[in-house]
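Enquirer: Sharing my_file.txt below, compact mmCIF, C-alpha atoms (C1' of nucleotides):
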```txt
# COMPACT_ATOMS: atom_id res chain seq x y z
CA MET A 1 -181.39 -195.71 -22.38
CA GLN A 2 -180.67 -197.43 -25.64
CA PHE A 3 -177.72 -196.79 -27.91
CA ASN A 4 -177.36 -196.97 -31.61
CA THR A 5 -174.31 -198.67 -32.99
CA ARG A 6 -173.09 -196.07 -35.40
CA THR A 7 -172.43 -193.19 -33.05
CA PRO A 8 -169.84 -193.67 -30.29
CA VAL A 9 -171.54 -194.45 -27.00
CA TYR A 10 -169.68 -191.74 -25.14
CA LEU A 11 -171.05 -189.11 -27.51
CA GLN A 12 -174.54 -190.43 -27.07
CA VAL A 13 -174.11 -190.06 -23.35
CA VAL A 14 -173.03 -186.46 -23.87
CA ASP A 15 -176.10 -185.77 -25.97
CA TYR A 16 -178.28 -187.40 -23.35
CA PHE A 17 -177.09 -184.96 -20.72
CA LYS A 18 -177.19 -182.02 -23.06
CA LYS A 19 -180.84 -182.66 -23.62
CA LYS A 20 -181.46 -182.89 -19.90
CA MET A 21 -179.80 -179.53 -19.42
CA ALA A 22 -181.67 -177.97 -22.30
CA LEU A 23 -184.91 -179.19 -20.77
CA GLY A 24 -184.09 -177.90 -17.34
CA LYS A 25 -184.15 -181.37 -15.86
CA LEU A 26 -180.56 -180.61 -14.91
CA LYS A 27 -180.07 -177.08 -13.67
CA ALA A 28 -177.03 -174.94 -13.06
CA GLY A 29 -175.03 -176.31 -10.16
CA ASP A 30 -176.87 -179.62 -9.97
CA GLU A 31 -174.82 -182.64 -9.01
CA MET A 32 -174.08 -185.10 -11.77
CA PRO A 33 -174.33 -188.79 -11.04
CA SER A 34 -171.16 -190.59 -10.06
CA ARG A 35 -169.28 -192.07 -12.99
CA ARG A 36 -169.32 -195.55 -11.52
CA GLU A 37 -172.97 -195.35 -10.59
CA LEU A 38 -173.96 -194.11 -14.05
CA ALA A 39 -171.87 -196.77 -15.75
CA ASN A 40 -173.68 -199.35 -13.70
CA ASP A 41 -177.09 -197.91 -14.54
CA LEU A 42 -176.39 -197.67 -18.26
CA LYS A 43 -174.63 -201.04 -18.31
CA ILE A 44 -171.58 -199.57 -19.93
CA ASN A 45 -167.96 -199.41 -18.94
CA PRO A 46 -166.89 -196.75 -16.43
CA ASN A 47 -164.21 -195.62 -18.83
CA THR A 48 -166.81 -194.86 -21.44
CA VAL A 49 -168.63 -192.67 -18.93
CA GLN A 50 -165.36 -191.05 -18.00
CA LYS A 51 -164.76 -190.18 -21.61
CA ALA A 52 -168.21 -188.67 -21.87
CA PHE A 53 -167.67 -186.58 -18.76
CA LYS A 54 -164.30 -185.48 -20.04
CA GLU A 55 -165.96 -184.37 -23.23
CA MET A 56 -168.57 -182.44 -21.29
CA GLU A 57 -165.86 -180.74 -19.29
CA ASP A 58 -164.07 -179.77 -22.47
CA GLN A 59 -167.34 -178.25 -23.66
CA GLN A 60 -167.66 -176.53 -20.29
CA LEU A 61 -171.00 -178.15 -19.60
CA ILE A 62 -169.86 -179.49 -16.25
CA THR A 63 -167.16 -178.64 -13.77
CA THR A 64 -165.41 -180.86 -11.31
CA GLU A 65 -163.56 -180.09 -8.12
CA ARG A 66 -161.12 -182.79 -7.26
CA ASN A 67 -162.67 -185.87 -5.79
CA ARG A 68 -166.11 -184.38 -5.67
CA PRO A 69 -169.04 -185.30 -7.90
CA SER A 70 -169.14 -183.22 -11.06
CA ARG A 71 -171.65 -180.41 -11.24
CA VAL A 72 -173.53 -178.72 -14.01
CA THR A 73 -171.85 -175.47 -14.90
CA THR A 74 -173.23 -172.29 -13.41
CA ASP A 75 -172.21 -170.36 -16.50
CA GLY A 76 -175.52 -169.09 -17.74
CA THR A 77 -174.34 -168.24 -21.22
CA VAL A 78 -173.13 -171.80 -21.77
CA LEU A 79 -176.41 -173.27 -20.58
CA ALA A 80 -178.40 -170.86 -22.66
CA GLN A 81 -176.65 -171.97 -25.82
CA ILE A 82 -177.19 -175.68 -25.39
CA ARG A 83 -180.70 -175.74 -26.69
CA SER A 84 -180.02 -173.70 -29.77
CA GLU A 85 -176.92 -175.75 -30.48
CA ILE A 86 -178.93 -178.94 -30.48
CA VAL A 87 -181.61 -177.48 -32.70
CA ASP A 88 -179.21 -175.78 -35.08
CA ASP A 89 -177.12 -178.90 -35.48
CA ALA A 90 -180.20 -180.98 -36.15
CA VAL A 91 -181.44 -178.49 -38.72
CA ALA A 92 -178.08 -178.45 -40.47
CA VAL A 93 -177.98 -182.23 -40.75
CA PHE A 94 -181.57 -182.32 -41.84
CA VAL A 95 -181.24 -179.73 -44.58
CA GLU A 96 -178.03 -181.31 -45.77
CA ALA A 97 -179.89 -184.57 -46.23
CA ILE A 98 -182.88 -183.27 -48.16
CA GLN A 99 -181.62 -180.20 -49.93
CA GLU A 100 -181.85 -180.31 -53.70
CA LEU A 101 -184.80 -182.67 -53.38
CA ASP A 102 -187.32 -179.89 -53.84
CA VAL A 103 -189.38 -180.62 -50.77
CA SER A 104 -192.14 -178.15 -50.04
CA VAL A 105 -192.52 -176.55 -46.65
CA ASP A 106 -195.97 -178.01 -46.32
CA GLU A 107 -194.69 -181.49 -46.94
CA LEU A 108 -191.94 -181.06 -44.37
CA VAL A 109 -194.17 -179.69 -41.66
CA ASP A 110 -196.67 -182.41 -42.30
CA LYS A 111 -194.10 -185.17 -42.02
CA ILE A 112 -192.50 -183.66 -38.97
CA LYS A 113 -195.82 -183.40 -37.20
CA ARG A 114 -196.58 -186.98 -38.06
CA GLN A 115 -193.25 -188.15 -36.75
CA TYR A 116 -193.80 -186.32 -33.50
CA LYS A 117 -197.05 -188.12 -32.98
CA GLU A 118 -195.35 -191.48 -33.20
CA GLY A 119 -193.79 -190.76 -29.83
CA THR A 120 -195.79 -190.50 -26.66
CA TYR A 121 -194.53 -187.01 -26.08
CA ASP A 122 -196.32 -183.77 -25.51
CA ASP A 123 -196.80 -182.31 -28.95
CA ARG A 124 -198.45 -179.06 -28.12
CA SER A 125 -195.62 -177.08 -29.68
CA VAL A 126 -195.52 -178.77 -33.00
CA GLY A 127 -199.00 -180.17 -32.99
CA SER A 128 -200.77 -176.95 -33.68
CA MET B 1 -167.71 -184.55 -53.93
CA GLN B 2 -166.51 -184.24 -50.37
CA PHE B 3 -166.92 -186.80 -47.63
CA ASN B 4 -167.38 -186.47 -43.92
CA THR B 5 -165.32 -188.66 -41.66
CA ARG B 6 -167.98 -190.09 -39.42
CA THR B 7 -170.15 -191.81 -41.99
CA PRO B 8 -168.58 -194.63 -44.00
CA VAL B 9 -167.59 -193.44 -47.44
CA TYR B 10 -169.34 -196.27 -49.20
CA LEU B 11 -172.65 -195.24 -47.62
CA GLN B 12 -172.10 -191.68 -48.67
CA VAL B 13 -171.59 -192.90 -52.20
CA VAL B 14 -174.87 -194.79 -51.99
CA ASP B 15 -176.66 -191.68 -50.78
CA TYR B 16 -175.07 -189.70 -53.56
CA PHE B 17 -176.58 -191.97 -56.18
CA LYS B 18 -179.88 -192.25 -54.40
CA LYS B 19 -180.21 -188.51 -54.61
CA LYS B 20 -179.37 -188.57 -58.29
CA MET B 21 -182.08 -191.13 -58.88
CA ALA B 22 -184.58 -189.26 -56.76
CA LEU B 23 -183.88 -186.15 -58.80
CA GLY B 24 -184.19 -187.90 -62.12
CA LYS B 25 -180.59 -187.22 -63.02
CA LEU B 26 -180.29 -190.97 -63.23
CA LYS B 27 -183.25 -192.65 -64.84
CA ALA B 28 -184.44 -196.22 -65.07
CA GLY B 29 -182.07 -198.28 -67.18
CA ASP B 30 -179.32 -195.71 -67.28
CA GLU B 31 -175.79 -197.00 -67.25
CA MET B 32 -173.86 -196.50 -64.04
CA PRO B 33 -170.25 -195.38 -64.26
CA SER B 34 -167.60 -198.06 -64.13
CA ARG B 35 -166.41 -198.84 -60.60
CA ARG B 36 -162.80 -198.06 -61.42
CA GLU B 37 -163.64 -194.89 -63.28
CA LEU B 38 -165.78 -193.65 -60.44
CA ALA B 39 -163.14 -194.55 -57.89
CA ASN B 40 -160.66 -192.54 -59.86
CA ASP B 41 -163.00 -189.56 -60.13
CA LEU B 42 -163.82 -189.57 -56.42
CA LYS B 43 -160.24 -190.32 -55.43
CA ILE B 44 -161.28 -193.33 -53.37
CA ASN B 45 -160.45 -196.99 -53.46
CA PRO B 46 -162.19 -199.15 -56.08
CA ASN B 47 -163.24 -201.55 -53.34
CA THR B 48 -165.07 -198.80 -51.57
CA VAL B 49 -167.01 -198.16 -54.73
CA GLN B 50 -167.57 -201.87 -55.10
CA LYS B 51 -169.02 -202.02 -51.62
CA ALA B 52 -171.29 -199.12 -52.41
CA PHE B 53 -172.49 -200.80 -55.61
CA LYS B 54 -173.02 -204.05 -53.75
CA GLU B 55 -175.13 -202.17 -51.26
CA MET B 56 -177.16 -200.60 -54.04
CA GLU B 57 -177.71 -204.00 -55.56
CA ASP B 58 -178.91 -205.35 -52.24
CA GLN B 59 -181.33 -202.46 -52.14
CA GLN B 60 -182.35 -203.26 -55.71
CA LEU B 61 -181.41 -199.81 -56.92
CA ILE B 62 -179.16 -201.16 -59.62
CA THR B 63 -178.78 -204.43 -61.48
CA THR B 64 -175.73 -205.95 -63.04
CA GLU B 65 -175.26 -208.54 -65.74
CA ARG B 66 -171.92 -210.22 -65.54
CA ASN B 67 -169.04 -208.13 -66.78
CA ARG B 68 -171.31 -205.40 -67.99
CA PRO B 69 -171.65 -201.95 -66.49
CA SER B 70 -174.34 -201.82 -63.83
CA ARG B 71 -177.61 -200.18 -64.70
CA VAL B 72 -180.26 -198.33 -62.76
CA THR B 73 -183.15 -200.65 -62.01
CA THR B 74 -186.18 -200.48 -64.26
CA ASP B 75 -188.43 -201.37 -61.35
CA GLY B 76 -190.63 -198.32 -61.12
CA THR B 77 -191.88 -199.02 -57.63
CA VAL B 78 -188.36 -199.10 -56.27
CA LEU B 79 -187.46 -195.84 -57.95
CA ALA B 80 -190.64 -194.19 -56.80
CA GLN B 81 -189.84 -194.94 -53.17
CA ILE B 82 -186.33 -193.52 -53.12
CA ARG B 83 -187.31 -189.93 -52.60
CA SER B 84 -189.75 -190.58 -49.82
CA GLU B 85 -187.24 -192.87 -48.14
CA ILE B 86 -184.64 -190.14 -48.07
CA VAL B 87 -187.06 -187.58 -46.74
CA ASP B 88 -188.66 -189.89 -44.20
CA ASP B 89 -185.31 -191.02 -42.87
CA ALA B 90 -184.13 -187.45 -42.54
CA VAL B 91 -187.31 -186.46 -40.76
CA ALA B 92 -187.01 -189.37 -38.37
CA VAL B 93 -183.45 -188.47 -37.44
CA PHE B 94 -184.38 -184.84 -37.12
CA VAL B 95 -187.36 -185.36 -34.87
CA GLU B 96 -185.43 -187.83 -32.77
CA ALA B 97 -182.83 -185.16 -32.16
CA ILE B 98 -185.13 -182.34 -31.16
CA GLN B 99 -188.17 -184.03 -29.74
CA GLU B 100 -188.95 -183.14 -26.16
CA LEU B 101 -187.27 -179.81 -26.69
CA ASP B 102 -190.55 -178.02 -27.26
CA VAL B 103 -189.63 -176.34 -30.51
CA SER B 104 -192.39 -174.47 -32.23
CA VAL B 105 -193.26 -175.06 -35.86
CA ASP B 106 -192.52 -171.46 -36.65
CA GLU B 107 -189.06 -171.70 -35.17
CA LEU B 108 -188.34 -174.87 -37.13
CA VAL B 109 -189.55 -173.55 -40.44
CA ASP B 110 -187.63 -170.36 -39.91
CA LYS B 111 -184.40 -172.16 -39.15
CA ILE B 112 -184.83 -174.59 -42.01
CA LYS B 113 -185.41 -171.79 -44.47
CA ARG B 114 -182.35 -170.00 -43.18
CA GLN B 115 -180.24 -173.11 -43.57
CA TYR B 116 -181.40 -173.58 -47.12
CA LYS B 117 -180.25 -170.13 -47.99
CA GLU B 118 -176.73 -170.87 -46.85
CA GLY B 119 -176.36 -173.14 -49.84
CA THR B 120 -176.30 -171.86 -53.39
CA TYR B 121 -179.20 -174.05 -54.28
CA ASP B 122 -182.52 -173.27 -55.79
CA ASP B 123 -184.78 -172.60 -52.84
CA ARG B 124 -188.05 -171.97 -54.57
CA SER B 125 -189.72 -174.88 -52.80
CA VAL B 126 -188.81 -174.00 -49.27
CA GLY B 127 -188.25 -170.36 -49.81
CA SER B 128 -191.85 -169.36 -50.03
C1' DC C 1 -159.52 -193.29 12.29
C1' DT C 2 -161.46 -196.14 8.84
C1' DA C 3 -164.05 -197.65 5.20
C1' DA C 4 -166.39 -196.60 1.26
C1' DC C 5 -167.07 -193.55 -1.83
C1' DT C 6 -165.53 -189.76 -5.13
C1' DG C 7 -162.61 -188.49 -9.68
C1' DT C 8 -158.35 -189.50 -12.38
C1' DA C 9 -154.70 -191.85 -14.96
C1' DT C 10 -152.37 -195.54 -17.39
C1' DT C 11 -151.91 -199.42 -20.10
C1' DA C 12 -153.43 -203.24 -22.66
C1' DT C 13 -156.61 -205.90 -25.25
C1' DT C 14 -160.39 -206.82 -28.13
C1' DA C 15 -163.69 -206.50 -31.88
C1' DG C 16 -165.58 -204.47 -35.78
C1' DC C 17 -165.48 -201.92 -39.79
C1' DG C 18 -163.72 -199.49 -43.51
C1' DT C 19 -160.26 -199.56 -46.54
C1' DA C 20 -156.63 -201.43 -49.41
C1' DA C 21 -153.98 -204.63 -52.49
C1' DT C 22 -154.20 -208.16 -55.52
C1' DA C 23 -155.72 -211.69 -58.44
C1' DC C 24 -159.36 -213.84 -61.21
C1' DA C 25 -162.96 -214.40 -64.90
C1' DC C 26 -165.33 -212.66 -68.50
C1' DT C 27 -166.63 -209.40 -72.40
C1' DA C 28 -165.88 -206.54 -76.19
C1' DA C 29 -163.36 -203.69 -79.26
C1' DG C 30 -159.27 -203.40 -82.27
C1' DC D 1 -156.13 -213.29 -81.07
C1' DT D 2 -154.99 -209.67 -78.06
C1' DT D 3 -155.73 -205.99 -75.15
C1' DA D 4 -158.14 -203.12 -72.32
C1' DG D 5 -162.01 -202.72 -70.13
C1' DT D 6 -165.90 -204.80 -67.21
C1' DG D 7 -167.48 -206.92 -62.42
C1' DT D 8 -166.06 -210.17 -58.65
C1' DA D 9 -163.64 -212.50 -54.84
C1' DT D 10 -160.15 -213.10 -51.29
C1' DT D 11 -157.18 -211.65 -48.04
C1' DA D 12 -155.00 -208.55 -45.17
C1' DC D 13 -154.18 -204.10 -42.96
C1' DG D 14 -155.19 -200.16 -39.86
C1' DC D 15 -157.89 -197.30 -37.19
C1' DT D 16 -161.18 -196.36 -33.71
C1' DA D 17 -164.04 -197.25 -30.03
C1' DA D 18 -165.10 -199.87 -26.25
C1' DT D 19 -163.76 -202.60 -22.73
C1' DA D 20 -160.93 -204.13 -19.02
C1' DA D 21 -157.88 -204.24 -15.11
C1' DT D 22 -155.36 -201.54 -11.93
C1' DA D 23 -153.62 -198.04 -9.38
C1' DC D 24 -153.66 -193.56 -7.20
C1' DA D 25 -155.35 -189.48 -4.58
C1' DG D 26 -158.57 -187.21 -2.09
C1' DT D 27 -163.16 -186.64 0.47
C1' DT D 28 -166.77 -187.93 3.46
C1' DA D 29 -169.84 -190.60 6.27
C1' DG D 30 -169.78 -193.87 10.07
```
Let's see the structure in the file written out as structure tokens.
Expert:
Amino acid sequence: MQFNTRTPVYLQVVDYFKKKMALGKLKAGDEMPSRRELANDLKINPNTVQKAFKEMEDQQLITTERNRPSRVTTDGTVLAQIRSEIVDDAVAVFVEAIQELDVSVDELVDKIKRQYKEGTYDDRSVGS
Amino acid sequence: MQFNTRTPVYLQVVDYFKKKMALGKLKAGDEMPSRRELANDLKINPNTVQKAFKEMEDQQLITTERNRPSRVTTDGTVLAQIRSEIVDDAVAVFVEAIQELDVSVDELVDKIKRQYKEGTYDDRSVGS
DNA sequence: CTAACTGTATTATTAGCGTAATACACTAAG
DNA sequence: CTTAGTGTATTACGCTAATAATACAGTTAG
């Protein structure tokens, strides 16, 4: 995992886990990695991880019983909203950036498709 | 003009002018506002404006002869690239945020159109 | 039981960046 | 010439995030 400098690392960690939940790679009730272990893996300070986990708790994405590894929430409604939150936020930022520039839908779709292809990801959803 | 807290103000000022140039509201050779005047209008510190102008000079968007108001570059190739830079950057950020989430083109276009409509802007390009 | 692991809390320090205050040099209009 | 306006440079301040070092409390595997 690589971080960009502009966004706080702890928020990037939050987003990282949000994506995992949205993708189903982390399911309701799954155990989260230990804070110390994750900090070691990501080569960041345990306190930064702690802040990220605190943030996720505040957002009710995870729950923690005392002195037990945190777990992904079992609240289905919360989990169900994660994906749309990510997408909606991204759309809002995107439109904010290009609005007024008179970009055609065709141009947008074309560029987005192109950008997808630069990754090595499955593009069946956007690719056709 | 309103600023968000996360992005540095001076970069938001740069983007503001980039958009103006991309839209043709600022044309090649046009005089830029005075740094102090602009700072006063935007209610920000003159040094913040100075930093923004310095950034625009580094990007060759404007040129300045000593003790004269800055002017929009007359370099056509630079001006021609501004719009595509803005759009491409926005697309890159956007795709980065939602890739792997398996979002269909239809869903994206639908959401983008919706978002456009929340503004009071002319949506003839994306609206149909 | 004990040892090693959980999460949590507190405090301090550091580094970087954005912002601010001020002074300087030059130009141009009156 | 003088004054008010340019852009420029230097220095310092303040905030935030990240790190760091500890300490504490509880659980669990051996």
Enquirer: Give me, as CSV, each residue of region 1-114 of chain B that comes within 12 Å of region 9-26 of chain A, together with its shortest interatomic pair and the distance in Å at one decimal, counting all atoms listed in the file, with rows ordered by chain and rising residue number.
Expert:
```
residue,atom,partner,partner_atom,distance
B:Glu96,CA,A:Lys19,CA,11.5
B:Ala97,CA,A:Lys19,CA,9.1
B:Ile98,CA,A:Lys19,CA,8.7
B:Gln99,CA,A:Lys19,CA,9.6
B:Glu100,CA,A:Leu23,CA,7.8
B:Leu101,CA,A:Leu23,CA,6.4
B:Asp102,CA,A:Leu23,CA,8.7
B:Val103,CA,A:Leu23,CA,11.2
```
Enquirer: Give me the residues of chain B that have any atom at most 12 Å from an atom of chain C; for each, the nearest atom pair and the distance in Å, rounded to one decimal. Use all atoms listed in the file, sort by chain and number, and format it as a tab-separated table.
Expert:
```
residue	atom	partner	partner_atom	distance
B:Thr5	CA	C:DG18	C1'	11.1
B:Arg6	CA	C:DG18	C1'	11.1
B:Thr7	CA	C:DG18	C1'	10.1
B:Pro8	CA	C:DG18	C1'	6.9
B:Val9	CA	C:DG18	C1'	8.2
B:Tyr10	CA	C:DG18	C1'	8.6
B:Leu11	CA	C:DG18	C1'	10.7
B:Ile44	CA	C:DT19	C1'	9.3
B:Asn45	CA	C:DA20	C1'	7.1
B:Pro46	CA	C:DA20	C1'	9.0
B:Asn47	CA	C:DT19	C1'	7.7
B:Thr48	CA	C:DT19	C1'	7.0
B:Val49	CA	C:DT19	C1'	10.7
B:Gln50	CA	C:DT19	C1'	11.5
B:Lys51	CA	C:DG18	C1'	10.0
B:Ala52	CA	C:DG18	C1'	11.7
B:Glu65	CA	C:DT27	C1'	10.9
B:Arg66	CA	C:DC26	C1'	7.6
B:Asn67	CA	C:DC26	C1'	6.1
B:Arg68	CA	C:DT27	C1'	7.6
B:Pro69	CA	C:DT27	C1'	10.8
```
Enquirer: When you draw a straight line from CA of Thr74 (chain B) to C1' of DA9 (chain D), how long is it in Å?
Expert: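 Interatomic distance, CA of Thr74 (chain B) to C1' of DA9 (chain D): 27.2 Å.
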Enquirer: Please provide chain B as a compact mmCIF listing (two decimals) with C-alpha atoms, in the frame of the given file, once it has been superposed on chain A by least squares across all sequentially paired Cα atoms.
Expert:
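Output (superposed_25.txt):
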```
# COMPACT_ATOMS: atom_id res chain seq x y z
CA MET B 1 -181.71 -195.61 -22.28
CA GLN B 2 -180.95 -197.38 -25.52
CA PHE B 3 -178.01 -196.75 -27.79
CA ASN B 4 -177.61 -196.98 -31.52
CA THR B 5 -174.56 -198.71 -32.89
CA ARG B 6 -173.31 -196.16 -35.34
CA THR B 7 -172.74 -193.24 -33.01
CA PRO B 8 -170.15 -193.68 -30.26
CA VAL B 9 -171.82 -194.39 -26.95
CA TYR B 10 -169.91 -191.71 -25.13
CA LEU B 11 -171.29 -189.08 -27.51
CA GLN B 12 -174.78 -190.37 -27.01
CA VAL B 13 -174.28 -189.99 -23.29
CA VAL B 14 -173.18 -186.40 -23.84
CA ASP B 15 -176.27 -185.70 -25.92
CA TYR B 16 -178.41 -187.30 -23.26
CA PHE B 17 -177.17 -184.86 -20.65
CA LYS B 18 -177.26 -181.92 -22.99
CA LYS B 19 -180.93 -182.56 -23.51
CA LYS B 20 -181.49 -182.77 -19.79
CA MET B 21 -179.81 -179.42 -19.33
CA ALA B 22 -181.68 -177.86 -22.21
CA LEU B 23 -184.92 -179.03 -20.65
CA GLY B 24 -184.06 -177.76 -17.21
CA LYS B 25 -184.09 -181.22 -15.72
CA LEU B 26 -180.51 -180.49 -14.80
CA LYS B 27 -179.94 -176.98 -13.57
CA ALA B 28 -176.87 -174.87 -12.97
CA GLY B 29 -174.85 -176.25 -10.09
CA ASP B 30 -176.69 -179.53 -9.87
CA GLU B 31 -174.66 -182.56 -8.95
CA MET B 32 -173.99 -185.03 -11.73
CA PRO B 33 -174.29 -188.73 -10.97
CA SER B 34 -171.12 -190.57 -10.08
CA ARG B 35 -169.33 -192.04 -13.10
CA ARG B 36 -169.43 -195.56 -11.70
CA GLU B 37 -173.04 -195.30 -10.64
CA LEU B 38 -174.08 -194.03 -14.03
CA ALA B 39 -172.06 -196.71 -15.78
CA ASN B 40 -173.84 -199.29 -13.73
CA ASP B 41 -177.26 -197.80 -14.47
CA LEU B 42 -176.62 -197.60 -18.21
CA LYS B 43 -174.88 -200.97 -18.29
CA ILE B 44 -171.80 -199.51 -19.96
CA ASN B 45 -168.16 -199.32 -19.07
CA PRO B 46 -167.08 -196.69 -16.53
CA ASN B 47 -164.44 -195.48 -18.96
CA THR B 48 -167.07 -194.74 -21.52
CA VAL B 49 -168.81 -192.57 -18.99
CA GLN B 50 -165.50 -191.00 -18.10
CA LYS B 51 -164.92 -190.12 -21.73
CA ALA B 52 -168.36 -188.60 -21.94
CA PHE B 53 -167.74 -186.52 -18.81
CA LYS B 54 -164.37 -185.45 -20.14
CA GLU B 55 -166.08 -184.32 -23.31
CA MET B 56 -168.64 -182.37 -21.32
CA GLU B 57 -165.87 -180.71 -19.38
CA ASP B 58 -164.13 -179.74 -22.58
CA GLN B 59 -167.40 -178.21 -23.68
CA GLN B 60 -167.66 -176.47 -20.32
CA LEU B 61 -170.99 -178.08 -19.56
CA ILE B 62 -169.79 -179.45 -16.26
CA THR B 63 -167.01 -178.66 -13.82
CA THR B 64 -165.23 -180.92 -11.43
CA GLU B 65 -163.26 -180.26 -8.28
CA ARG B 66 -160.87 -183.03 -7.49
CA ASN B 67 -162.47 -186.13 -6.07
CA ARG B 68 -165.84 -184.50 -5.85
CA PRO B 69 -168.86 -185.32 -7.96
CA SER B 70 -169.01 -183.21 -11.10
CA ARG B 71 -171.49 -180.39 -11.22
CA VAL B 72 -173.42 -178.65 -13.96
CA THR B 73 -171.70 -175.41 -14.87
CA THR B 74 -173.05 -172.22 -13.36
CA ASP B 75 -172.07 -170.30 -16.47
CA GLY B 76 -175.41 -169.04 -17.68
CA THR B 77 -174.26 -168.21 -21.17
CA VAL B 78 -173.09 -171.75 -21.74
CA LEU B 79 -176.35 -173.20 -20.51
CA ALA B 80 -178.38 -170.79 -22.56
CA GLN B 81 -176.68 -171.92 -25.76
CA ILE B 82 -177.23 -175.64 -25.33
CA ARG B 83 -180.74 -175.74 -26.66
CA SER B 84 -180.06 -173.68 -29.73
CA GLU B 85 -176.95 -175.73 -30.43
CA ILE B 86 -178.94 -178.93 -30.44
CA VAL B 87 -181.62 -177.51 -32.67
CA ASP B 88 -179.23 -175.77 -35.04
CA ASP B 89 -177.11 -178.87 -35.43
CA ALA B 90 -180.16 -180.99 -36.13
CA VAL B 91 -181.42 -178.50 -38.67
CA ALA B 92 -178.07 -178.39 -40.40
CA VAL B 93 -177.91 -182.16 -40.72
CA PHE B 94 -181.49 -182.28 -41.85
CA VAL B 95 -181.18 -179.66 -44.54
CA GLU B 96 -177.93 -181.17 -45.74
CA ALA B 97 -179.75 -184.45 -46.25
CA ILE B 98 -182.72 -183.15 -48.18
CA GLN B 99 -181.49 -180.04 -49.88
CA GLU B 100 -181.72 -180.09 -53.64
CA LEU B 101 -184.62 -182.48 -53.37
CA ASP B 102 -187.18 -179.74 -53.81
CA VAL B 103 -189.29 -180.55 -50.79
CA SER B 104 -192.06 -178.14 -50.02
CA VAL B 105 -192.50 -176.59 -46.61
CA ASP B 106 -195.92 -178.12 -46.32
CA GLU B 107 -194.59 -181.58 -46.99
CA LEU B 108 -191.85 -181.13 -44.40
CA VAL B 109 -194.11 -179.81 -41.70
CA ASP B 110 -196.58 -182.56 -42.37
CA LYS B 111 -193.98 -185.28 -42.12
CA ILE B 112 -192.40 -183.78 -39.03
CA LYS B 113 -195.73 -183.58 -37.27
CA ARG B 114 -196.45 -187.17 -38.19
CA GLN B 115 -193.11 -188.30 -36.84
CA TYR B 116 -193.71 -186.52 -33.58
CA LYS B 117 -196.92 -188.38 -33.11
CA GLU B 118 -195.17 -191.72 -33.35
CA GLY B 119 -193.59 -191.01 -30.00
CA THR B 120 -195.57 -190.85 -26.79
CA TYR B 121 -194.35 -187.37 -26.15
CA ASP B 122 -196.17 -184.18 -25.52
CA ASP B 123 -196.67 -182.67 -28.94
CA ARG B 124 -198.38 -179.45 -28.06
CA SER B 125 -195.61 -177.37 -29.60
CA VAL B 126 -195.46 -179.02 -32.96
CA GLY B 127 -198.91 -180.42 -32.96
CA SER B 128 -200.72 -177.22 -33.67
```
Enquirer: Point out the residue among D:DC13, D:DT22, D:DT3, D:DT8 with the least atom-to-atom distance to chain B, counting only C-alpha atoms (C1' of nucleotides).
Expert: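 Closest candidate: D:DT8.
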Enquirer: At a cut-off of 10 Å, can you tabulate as a tab-separated table every residue of chain D near chain B together with its closest atom pair and the distance in Å to one decimal, using all atoms listed in the file and ordering rows by chain then number?
Expert:
```
residue	atom	partner	partner_atom	distance
D:DG5	C1'	B:Ser34	CA	9.4
D:DT6	C1'	B:Asn67	CA	4.6
D:DG7	C1'	B:Asn67	CA	4.8
D:DT8	C1'	B:Asn67	CA	8.9
```
Enquirer: Would you work out the distance separating CA of Asn4 (chain A) from CA of Val93 (chain A), expressed in Å to one decimal?
Expert: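 Those two atoms sit 17.4 Å apart.
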Enquirer: How many Å separate CA of Lys111 (chain B) from CA of Gln81 (chain A)?
Expert: 15.4 Å
Enquirer: I need the residue nearest chain B from this list: A:Thr73, A:Ala92, A:Arg114, A:Ile82. Use all atoms listed in the file for the distance.
Expert: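 Distance minimum relative to chain B lands on A:Ala92.
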